[in-house]
file target-v1.tsv (TSV, C-alpha atoms)
chain	number	residue	atom	x	y	z
A	237	MET	CA	88.92	82.93	82.20
A	238	ASP	CA	89.70	79.75	80.24
A	239	SER	CA	89.00	76.88	82.60
A	240	GLY	CA	91.88	74.82	81.18
A	241	LEU	CA	94.30	77.38	82.58
A	242	ILE	CA	92.97	77.42	86.12
A	243	ASN	CA	92.10	73.76	86.61
A	244	PRO	CA	95.29	72.96	88.57
A	245	LEU	CA	94.26	75.45	91.28
A	246	ASP	CA	91.68	73.11	92.86
A	247	LEU	CA	88.89	75.65	93.20
A	248	GLY	CA	85.84	75.37	95.43
A	249	ALA	CA	82.20	76.01	94.50
A	250	ASN	CA	82.87	79.74	94.85
A	251	GLY	CA	85.61	79.63	92.21
A	252	LEU	CA	88.39	80.34	94.72
A	253	PRO	CA	90.97	78.11	96.40
A	254	TYR	CA	89.63	79.34	99.78
A	255	SER	CA	86.10	79.78	101.14
A	256	ILE	CA	85.90	83.55	101.66
A	257	PRO	CA	87.14	86.20	99.22
A	258	ILE	CA	89.97	88.36	100.57
A	259	HIS	CA	89.41	91.55	98.56
A	260	PRO	CA	86.05	92.51	100.15
A	261	ASN	CA	87.70	92.30	103.57
A	262	LEU	CA	90.69	94.48	102.76
A	263	VAL	CA	88.29	96.97	101.22
A	264	HIS	CA	86.84	97.66	104.69
A	265	LEU	CA	90.25	98.99	105.66
A	266	THR	CA	90.90	101.01	102.51
A	267	ILE	CA	87.52	102.75	102.56
A	268	GLY	CA	87.15	103.03	106.34
A	269	LEU	CA	90.60	104.52	106.91
A	270	PHE	CA	90.38	106.88	103.93
A	271	ILE	CA	86.99	108.35	104.84
A	272	ILE	CA	87.86	108.66	108.53
A	273	GLY	CA	91.18	110.29	107.58
A	274	ILE	CA	89.48	112.99	105.52
A	275	ALA	CA	86.71	113.35	108.13
A	276	PHE	CA	89.21	114.04	110.91
A	277	ASP	CA	91.03	116.61	108.79
A	278	ILE	CA	87.68	118.34	108.32
A	279	VAL	CA	87.11	118.15	112.10
A	280	GLY	CA	90.56	119.69	112.54
A	281	VAL	CA	89.82	122.55	110.15
A	282	PHE	CA	86.53	123.41	111.91
A	283	PHE	CA	88.02	122.99	115.38
A	284	THR	CA	86.95	126.48	116.53
A	285	LEU	CA	83.31	125.54	116.07
A	286	GLU	CA	83.61	122.22	117.90
A	287	LYS	CA	85.66	123.47	120.80
A	288	PRO	CA	82.65	124.34	123.02
A	289	VAL	CA	81.08	120.93	122.30
A	290	PHE	CA	84.18	119.02	123.41
A	291	LYS	CA	84.43	121.29	126.42
A	292	PHE	CA	80.81	120.60	127.32
A	293	LEU	CA	81.47	116.85	127.04
A	294	SER	CA	84.67	117.17	129.13
A	295	ILE	CA	86.70	115.55	126.37
A	296	PRO	CA	90.12	117.14	126.04
A	297	ALA	CA	90.78	117.79	122.34
A	298	THR	CA	93.46	119.62	120.38
A	299	ARG	CA	93.50	120.66	116.77
A	300	SER	CA	96.86	119.02	116.16
A	301	GLY	CA	95.47	115.75	117.55
A	302	PHE	CA	92.81	115.67	114.85
A	303	PHE	CA	95.40	116.36	112.14
A	304	ASP	CA	97.46	113.46	113.52
A	305	VAL	CA	94.45	111.19	113.02
A	306	GLY	CA	93.93	112.58	109.51
A	307	TRP	CA	97.52	111.90	108.52
A	308	TYR	CA	98.05	108.46	110.05
A	309	ASN	CA	94.69	107.11	108.84
A	310	MET	CA	95.46	108.27	105.30
A	311	LEU	CA	98.92	106.70	105.47
A	312	ALA	CA	97.47	103.40	106.66
A	313	SER	CA	94.80	103.47	103.94
A	314	CYS	CA	97.53	104.02	101.35
A	315	ILE	CA	99.64	101.09	102.53
A	316	ILE	CA	96.77	98.59	102.81
A	317	SER	CA	95.30	99.59	99.43
A	318	PHE	CA	98.16	97.98	97.50
A	319	PHE	CA	97.12	94.65	99.01
A	320	THR	CA	93.44	95.41	98.39
A	321	VAL	CA	94.12	95.96	94.69
A	322	ALA	CA	96.42	92.93	94.44
A	323	ALA	CA	93.82	90.64	96.04
A	324	GLY	CA	91.16	92.20	93.83
A	325	PHE	CA	93.02	91.38	90.64
A	326	TYR	CA	93.71	87.83	91.76
A	327	GLU	CA	90.03	87.27	92.50
A	328	ILE	CA	88.71	89.07	89.42
A	329	MET	CA	90.85	86.81	87.23
A	330	LEU	CA	89.17	83.78	88.79
A	331	ALA	CA	85.65	85.23	88.50
A	332	ARG	CA	82.99	83.26	86.65
A	333	PRO	CA	80.07	85.66	86.76
A	334	GLU	CA	76.51	84.97	85.71
A	335	ALA	CA	76.13	85.89	82.03
A	336	ASP	CA	72.98	87.40	80.44
A	337	VAL	CA	72.16	89.38	83.57
A	338	LYS	CA	72.15	93.16	83.82
A	339	SER	CA	72.86	95.11	87.01
A	340	ALA	CA	70.69	97.92	88.39
A	341	TRP	CA	72.97	100.30	86.47
A	342	GLY	CA	72.27	98.48	83.21
A	343	LEU	CA	75.76	96.94	82.94
A	344	GLY	CA	76.56	93.32	82.22
A	345	ALA	CA	79.00	91.31	84.33
A	346	ALA	CA	81.99	91.81	82.00
A	347	GLU	CA	81.53	95.58	81.81
A	348	THR	CA	81.06	95.83	85.58
A	349	MET	CA	84.25	93.85	86.17
A	350	LEU	CA	86.26	95.90	83.69
A	351	TRP	CA	85.13	99.23	85.15
A	352	HIS	CA	85.77	97.94	88.67
A	353	GLY	CA	89.30	96.90	87.65
A	354	ILE	CA	90.10	100.25	86.01
A	355	GLY	CA	88.48	102.15	88.87
A	356	GLY	CA	90.55	100.22	91.39
A	357	VAL	CA	93.84	101.24	89.79
A	358	LEU	CA	92.64	104.83	89.45
A	359	LEU	CA	91.57	104.97	93.10
A	360	LEU	CA	94.86	103.46	94.24
A	361	ALA	CA	96.72	106.17	92.30
A	362	LEU	CA	94.52	108.87	93.85
A	363	ILE	CA	94.97	107.49	97.37
A	364	VAL	CA	98.76	107.29	96.96
A	365	GLY	CA	98.85	110.78	95.44
A	366	MET	CA	96.75	112.23	98.25
A	367	THR	CA	98.89	110.54	100.91
A	368	VAL	CA	102.04	112.04	99.40
A	369	TRP	CA	100.31	115.44	99.23
A	370	ARG	CA	99.14	115.08	102.83
A	371	GLY	CA	102.64	114.23	104.01
A	372	PHE	CA	104.02	117.16	102.04
A	373	GLN	CA	101.56	119.51	103.75
A	374	ARG	CA	102.25	118.05	107.19
A	375	TYR	CA	106.03	118.00	107.12
A	376	ILE	CA	107.04	120.71	104.65
A	377	VAL	CA	104.73	123.40	103.28
A	378	ARG	CA	102.31	123.83	106.20
A	379	LYS	CA	104.48	122.61	109.05
A	380	GLU	CA	104.22	125.88	110.96
A	381	LYS	CA	100.58	126.63	110.17
A	382	ALA	CA	97.61	126.02	112.47
A	383	LEU	CA	95.62	124.56	109.58
A	384	GLN	CA	97.67	121.64	108.34
A	385	VAL	CA	95.55	120.87	105.28
A	386	GLN	CA	94.51	122.86	102.25
A	387	TRP	CA	90.88	123.25	101.20
A	388	SER	CA	91.71	121.75	97.81
A	389	TYR	CA	92.94	118.61	99.57
A	390	LEU	CA	89.66	118.23	101.46
A	391	LEU	CA	87.61	118.87	98.32
A	392	LEU	CA	89.58	116.27	96.39
A	393	GLY	CA	89.02	113.92	99.34
A	394	LEU	CA	85.25	114.39	99.08
A	395	PHE	CA	85.43	113.78	95.34
A	396	VAL	CA	87.40	110.56	95.87
A	397	MET	CA	84.71	109.46	98.36
A	398	PHE	CA	82.14	109.92	95.61
A	399	LEU	CA	84.27	107.80	93.26
A	400	MET	CA	84.51	105.20	96.02
A	401	TYR	CA	80.73	105.13	96.29
A	402	ALA	CA	80.35	104.48	92.55
A	403	HIS	CA	83.20	101.99	92.60
A	404	GLY	CA	81.87	100.20	95.66
A	405	THR	CA	78.42	99.93	94.09
A	406	LEU	CA	79.97	98.19	91.07
A	407	GLY	CA	81.66	95.83	93.51
A	408	ALA	CA	78.35	95.24	95.31
A	409	HIS	CA	76.73	94.39	91.95
A	410	MET	CA	79.45	91.82	91.31
A	411	ALA	CA	78.76	90.20	94.66
A	412	ALA	CA	75.01	90.46	95.08
A	413	LYS	CA	73.82	90.42	91.47
A	414	PHE	CA	76.29	88.40	89.42
A	415	GLY	CA	77.14	86.07	92.30
A	416	VAL	CA	80.90	86.35	91.80
A	417	HIS	CA	82.72	84.05	94.27
A	418	ASN	CA	79.49	83.43	96.14
A	419	THR	CA	79.14	79.81	97.24
A	420	ALA	CA	75.33	79.66	97.58
A	421	ASP	CA	74.77	81.49	94.27
A	422	ASN	CA	77.09	79.13	92.42
A	423	LEU	CA	75.48	76.06	93.99
A	424	LEU	CA	72.05	77.31	92.91
A	425	ARG	CA	73.38	77.90	89.40
A	426	MET	CA	74.61	74.31	89.32
A	427	GLY	CA	71.16	73.14	90.38
A	428	LEU	CA	72.31	72.10	93.86
A	429	ASP	CA	70.67	72.88	97.21
A	430	PRO	CA	72.72	75.15	99.51
A	431	ASN	CA	70.42	74.31	102.40
A	432	THR	CA	71.60	70.70	102.53
A	433	LEU	CA	75.16	71.21	101.26
A	434	LEU	CA	76.08	74.10	103.61
A	435	LYS	CA	74.57	72.67	106.77
B	187	MET	CA	50.20	99.88	109.30
B	188	PHE	CA	53.90	100.53	108.83
B	189	GLU	CA	54.45	98.31	105.78
B	190	ASN	CA	52.70	100.92	103.64
B	191	LEU	CA	55.30	103.51	104.60
B	192	LEU	CA	58.20	101.47	103.24
B	193	PRO	CA	59.10	101.42	99.56
B	194	PRO	CA	58.53	98.03	97.91
B	195	LEU	CA	61.26	95.44	98.39
B	196	ASN	CA	63.63	94.93	95.46
B	197	GLU	CA	65.38	91.85	94.07
B	198	HIS	CA	67.71	91.89	97.10
B	199	ASN	CA	64.65	91.97	99.37
B	200	LEU	CA	65.58	95.47	100.51
B	201	PRO	CA	63.62	98.75	100.49
B	202	TYR	CA	66.77	100.52	99.19
B	203	PRO	CA	69.18	99.51	96.37
B	204	ASP	CA	72.03	97.68	98.15
B	205	THR	CA	72.86	96.38	101.63
B	206	MET	CA	73.96	99.15	104.01
B	207	HIS	CA	75.28	97.13	106.94
B	208	PRO	CA	78.47	95.96	105.13
B	209	ILE	CA	79.20	99.62	104.30
B	210	VAL	CA	78.75	100.95	107.83
B	211	VAL	CA	80.90	98.17	109.27
B	212	HIS	CA	83.84	99.43	107.16
B	213	PHE	CA	84.25	102.07	109.84
B	214	VAL	CA	83.99	99.90	112.92
B	215	ILE	CA	86.36	97.28	111.51
B	216	ALA	CA	88.92	99.76	110.19
B	217	MET	CA	88.89	101.95	113.31
B	218	VAL	CA	89.08	99.17	115.90
B	219	LEU	CA	91.86	97.29	114.10
B	220	PHE	CA	93.81	100.43	113.24
B	221	GLY	CA	93.34	101.76	116.78
B	222	PHE	CA	94.89	98.60	118.18
B	223	LEU	CA	97.77	98.79	115.68
B	224	CYS	CA	98.45	102.41	116.69
B	225	ASP	CA	98.45	101.42	120.37
B	226	VAL	CA	101.01	98.68	119.75
B	227	ILE	CA	103.29	100.81	117.54
B	228	GLY	CA	102.92	103.77	119.91
B	229	TYR	CA	103.77	101.61	122.92
B	230	PHE	CA	106.99	100.27	121.40
B	231	THR	CA	108.16	103.43	119.61
B	232	LYS	CA	107.01	105.79	122.41
B	233	ASN	CA	105.33	107.94	119.75
B	234	TYR	CA	102.52	109.20	121.94
B	235	ARG	CA	100.81	110.93	119.03
B	236	LEU	CA	99.66	107.48	117.97
B	237	PHE	CA	97.79	107.13	121.28
B	238	GLU	CA	95.80	110.19	120.29
B	239	VAL	CA	95.11	108.58	116.92
B	240	SER	CA	93.89	105.33	118.48
B	241	TRP	CA	91.73	107.13	121.05
B	242	TRP	CA	89.84	109.12	118.39
B	243	ASN	CA	89.47	106.01	116.25
B	244	MET	CA	87.93	104.15	119.20
B	245	PHE	CA	85.72	107.14	120.01
B	246	PHE	CA	84.12	107.10	116.57
B	247	ALA	CA	84.09	103.30	116.38
B	248	THR	CA	81.83	103.39	119.43
B	249	ILE	CA	79.35	105.64	117.64
B	250	SER	CA	79.57	103.71	114.38
B	251	ILE	CA	78.87	100.30	115.86
B	252	PHE	CA	75.39	101.30	116.96
B	253	ILE	CA	74.59	102.55	113.45
B	254	ALA	CA	76.00	99.28	112.11
B	255	ILE	CA	73.72	97.32	114.47
B	256	ILE	CA	70.61	99.25	113.45
B	257	PHE	CA	71.21	98.46	109.77
B	258	GLY	CA	72.29	94.95	110.69
B	259	GLN	CA	69.02	94.25	112.49
B	260	VAL	CA	66.93	95.64	109.64
B	261	GLU	CA	68.83	93.62	107.07
B	262	ALA	CA	68.90	90.46	109.19
B	263	GLY	CA	65.12	90.78	109.56
B	264	LEU	CA	64.72	91.03	105.78
B	265	ALA	CA	67.34	88.38	105.04
B	266	LEU	CA	65.10	85.42	104.08
B	267	ALA	CA	67.45	83.23	106.08
B	268	TYR	CA	67.02	79.57	105.17
B	269	ASP	CA	67.58	76.80	107.71
B	270	ALA	CA	71.31	76.32	107.16
B	271	VAL	CA	72.06	80.03	107.74
B	272	GLU	CA	70.24	80.46	111.02
B	273	PRO	CA	72.93	79.34	113.47
B	274	VAL	CA	75.49	81.64	111.81
B	275	LEU	CA	73.09	84.58	111.69
B	276	ASN	CA	72.18	84.09	115.35
B	277	LEU	CA	75.81	83.97	116.42
B	278	HIS	CA	76.64	87.05	114.29
B	279	THR	CA	73.77	88.92	115.98
B	280	LEU	CA	74.86	87.84	119.45
B	281	VAL	CA	78.51	88.77	118.91
B	282	GLY	CA	77.47	92.06	117.25
B	283	TRP	CA	75.40	93.24	120.20
B	284	SER	CA	78.09	92.08	122.62
B	285	LEU	CA	80.69	94.04	120.66
B	286	SER	CA	78.68	97.25	121.10
B	287	GLY	CA	78.92	96.85	124.88
B	288	ILE	CA	82.55	95.74	124.80
B	289	ILE	CA	83.70	98.56	122.52
B	290	ALA	CA	81.79	101.16	124.55
B	291	ALA	CA	83.33	99.87	127.80
B	292	ILE	CA	86.87	99.79	126.36
B	293	THR	CA	86.47	103.33	124.97
B	294	GLY	CA	85.24	104.41	128.42
B	295	TRP	CA	88.36	102.95	130.03
B	296	ARG	CA	90.45	104.59	127.34
B	297	TYR	CA	88.85	107.94	128.18
B	298	VAL	CA	89.95	107.59	131.79
B	299	ILE	CA	93.48	106.49	130.80
B	300	ARG	CA	93.80	109.46	128.45
B	301	LEU	CA	92.50	111.88	131.06
B	302	LYS	CA	95.11	110.70	133.56
B	303	ASP	CA	98.09	110.71	131.22
B	304	PRO	CA	97.71	110.88	127.42
B	305	LYS	CA	101.31	109.76	126.89
B	306	ARG	CA	101.12	106.38	128.59
B	307	ILE	CA	99.11	103.25	128.15
B	308	PRO	CA	98.92	100.22	130.50
B	309	VAL	CA	99.92	96.79	129.16
B	310	ALA	CA	96.57	95.42	130.36
B	311	TYR	CA	94.82	97.78	127.95
B	312	LEU	CA	96.96	96.46	125.10
B	313	GLY	CA	96.01	92.90	126.07
B	314	LEU	CA	92.33	93.80	126.08
B	315	GLY	CA	92.82	95.54	122.73
B	316	LEU	CA	94.24	92.32	121.29
B	317	CYS	CA	91.20	90.35	122.53
B	318	LEU	CA	88.92	92.96	120.96
B	319	ALA	CA	90.78	92.85	117.64
B	320	LEU	CA	90.48	89.05	117.57
B	321	LEU	CA	86.76	89.20	118.41
B	322	VAL	CA	86.22	91.74	115.61
B	323	CYS	CA	88.05	89.43	113.17
B	324	PHE	CA	85.82	86.54	114.25
B	325	GLN	CA	82.73	88.70	113.75
B	326	VAL	CA	83.96	89.74	110.28
B	327	TYR	CA	84.44	86.06	109.47
B	328	LEU	CA	80.83	85.29	110.48
B	329	GLY	CA	79.54	88.23	108.42
B	330	ASP	CA	81.63	87.06	105.47
B	331	GLN	CA	80.03	83.64	105.75
B	332	LEU	CA	76.55	85.16	105.67
B	333	VAL	CA	77.32	87.04	102.46
B	334	TRP	CA	79.87	84.93	100.63
B	335	VAL	CA	78.96	81.38	101.65
B	336	TYR	CA	75.20	81.64	102.27
B	337	GLY	CA	74.56	84.53	99.87
B	338	LEU	CA	72.07	86.49	102.00
B	339	HIS	CA	70.50	89.39	100.05
B	340	THR	CA	72.14	88.25	96.79
B	341	SER	CA	69.58	88.10	94.01
B	342	PRO	CA	69.99	84.38	93.15
B	343	VAL	CA	69.32	83.38	96.78
B	344	VAL	CA	66.41	85.82	97.21
B	345	GLU	CA	64.92	84.54	93.95
B	346	ALA	CA	65.31	80.90	95.00
B	347	VAL	CA	63.69	81.50	98.40
B	348	LYS	CA	60.78	83.41	96.86
B	349	GLU	CA	60.25	80.63	94.32
B	350	GLY	CA	60.20	78.18	97.19
B	351	SER	CA	63.15	76.15	95.91
B	352	LEU	CA	65.39	77.03	98.88
call {"tool": "encode", "arguments": {"input": "target-v1.tsv", "output": "structure tokens"}}
result
Amino acid sequence: MDSGLINPLDLGANGLPYSIPIHPNLVHLTIGLFIIGIAFDIVGVFFTLEKPVFKFLSIPATRSGFFDVGWYNMLASCIISFFTVAAGFYEIMLARPEADVKSAWGLGAAETMLWHGIGGVLLLALIVGMTVWRGFQRYIVRKEKALQVQWSYLLLGLFVMFLMYAHGTLGAHMAAKFGVHNTADNLLRMGLDPNTLLK
Amino acid sequence: MFENLLPPLNEHNLPYPDTMHPIVVHFVIAMVLFGFLCDVIGYFTKNYRLFEVSWWNMFFATISIFIAIIFGQVEAGLALAYDAVEPVLNLHTLVGWSLSGIIAAITGWRYVIRLKDPKRIPVAYLGLGLCLALLVCFQVYLGDQLVWVYGLHTSPVVEAVKEGSL
């Protein structure tokens, strides 16, 4: 972004007004809660198979308990993801990536950032859509059924996990290859020594 | 003899494409923090279903943290840590191993609480949960410093260390 526009923000060596980026931290919650949510719904669906295992371990377990975990984790992932995306856009607008470098996927910094931005909005839409669908199954269409979730929901969940993997790898390239918002990388680029400056 | 079994190290000084530890810790962080949140909301709203949610989150957090530590040790060993990083990396390692014991012990207590009465939770457990959540946040902060301030496993840092300029 044009440096004349962002000069008043008083940015550090990492290009942010604070030392540690916020987006990569919120992402832990989005991804962790989503995957665990889907995983517990799968555990709930296959409960008959696991029942002897839990019995052997003397851990009381009910099918409805697993579906509770599936629902509440998905709901939490949905709520936090709005903040993840908001923080992501703030930080991507302040990014000053290394130019003339290509990632392991053959993309430059600008392309990686653009795809990561588009992917983020798409994933947010999918997470919100799936949460609404999950709530609909839980409270309306499958309220009386033993299996609270539909197979199509679980399959879409697995597909979204695959998208998350691709999306997360783009994010990892931004961090570990292009050095976006990375203090040591930016110091090295400026010809300074992180070893003395970060002691 | 074992070095021949590993694939060659890449520009991140890893035998596989990207760091794994920050991915595995998604689960520990999300489950411990969300588990605590569910305990608090469940305690005040008397929605005991949330206790079930937090128990299962803690159960799997306990398994995940050991996987996180295995990857963490591998990647810390390959990290090409320069002098300034070492105190932070040491503290992150120390807190990480301690967390495995702490989380396992808390989950064990939780198992007993749930066995006695799944619809109630003692205030002392909530207090301990708060301490755990704060410790996890501190550990995340240290890990963030290793990646975002010191740039461990990022290609510019790996390159600089290999060239001998860092």
call {"tool": "interface_residues", "arguments": {"input": "target-v1.tsv", "of": "chain B", "to": "chain A", "cutoff": "6 Å", "atoms": "all atoms listed in the file", "output": "number ranges by chain"}}
result
B: 212-213, 216, 239, 270, 334-337, 340-342
call {"tool": "write_last_selection", "arguments": {"input": "target-v1.tsv", "atoms": "C-alpha atoms", "output": "PDB file, in the frame of the given file"}}
result
ATOM      1  CA  HIS B 212      83.840  99.430 107.160  1.00  0.00           C
ATOM      2  CA  PHE B 213      84.250 102.070 109.840  1.00  0.00           C
ATOM      3  CA  ALA B 216      88.920  99.760 110.190  1.00  0.00           C
ATOM      4  CA  VAL B 239      95.110 108.580 116.920  1.00  0.00           C
ATOM      5  CA  ALA B 270      71.310  76.320 107.160  1.00  0.00           C
ATOM      6  CA  TRP B 334      79.870  84.930 100.630  1.00  0.00           C
ATOM      7  CA  VAL B 335      78.960  81.380 101.650  1.00  0.00           C
ATOM      8  CA  TYR B 336      75.200  81.640 102.270  1.00  0.00           C
ATOM      9  CA  GLY B 337      74.560  84.530  99.870  1.00  0.00           C
ATOM     10  CA  THR B 340      72.140  88.250  96.790  1.00  0.00           C
ATOM     11  CA  SER B 341      69.580  88.100  94.010  1.00  0.00           C
ATOM     12  CA  PRO B 342      69.990  84.380  93.150  1.00  0.00           C
TER      13      PRO B 342
END
call {"tool": "atom_distance", "arguments": {"input": "target-v1.tsv", "atom1": "atom CA of Tyr234 of chain B", "atom2": "atom CA of Val377 of chain A"}}
result
23.6 Å
call {"tool": "closest_residue", "arguments": {"input": "target-v1.tsv", "among": "B:Trp242, B:His278, B:Glu345, B:Leu321", "to": "Gly294 of chain B", "atoms": "only C-alpha atoms"}}
result
B:Trp242
call {"tool": "atom_distance", "arguments": {"input": "target-v1.tsv", "atom1": "atom CA of Ala319 of chain B", "atom2": "atom CA of Leu236 of chain B"}}
result
17.1 Å
call {"tool": "atom_distance", "arguments": {"input": "target-v1.tsv", "atom1": "atom CA of Gly427 of chain A", "atom2": "atom CA of Arg332 of chain A"}}
result
16.0 Å
call {"tool": "closest_residue", "arguments": {"input": "target-v1.tsv", "among": "B:Leu301, B:Ile307, B:Ile292, B:Val274", "to": "Phe324 of chain B", "atoms": "all atoms listed in the file"}}
result
B:Val274
call {"tool": "residues_around", "arguments": {"input": "target-v1.tsv", "residues": "Trp295 of chain B", "least_positions_apart": "6", "cutoff": "12 Å", "atoms": "only C-alpha atoms", "output": "number ranges by chain"}}
result
B: 241, 244-245, 288-289, 301-302, 307-308, 310-312, 314-315
call {"tool": "residues_around", "arguments": {"input": "target-v1.tsv", "residues": "Tyr229 of chain B", "least_positions_apart": "2", "cutoff": "10 Å", "atoms": "all atoms listed in the file", "output": "count of residues only"}}
result
17
call {"tool": "residues_around", "arguments": {"input": "target-v1.tsv", "residues": "Val326 of chain B", "least_positions_apart": "2", "cutoff": "10 Å", "atoms": "all atoms listed in the file", "output": "PyMOL selection string"}}
result
(chain A and resi 261) or (chain B and resi 208+211+215+278+282+320-324+328-332)
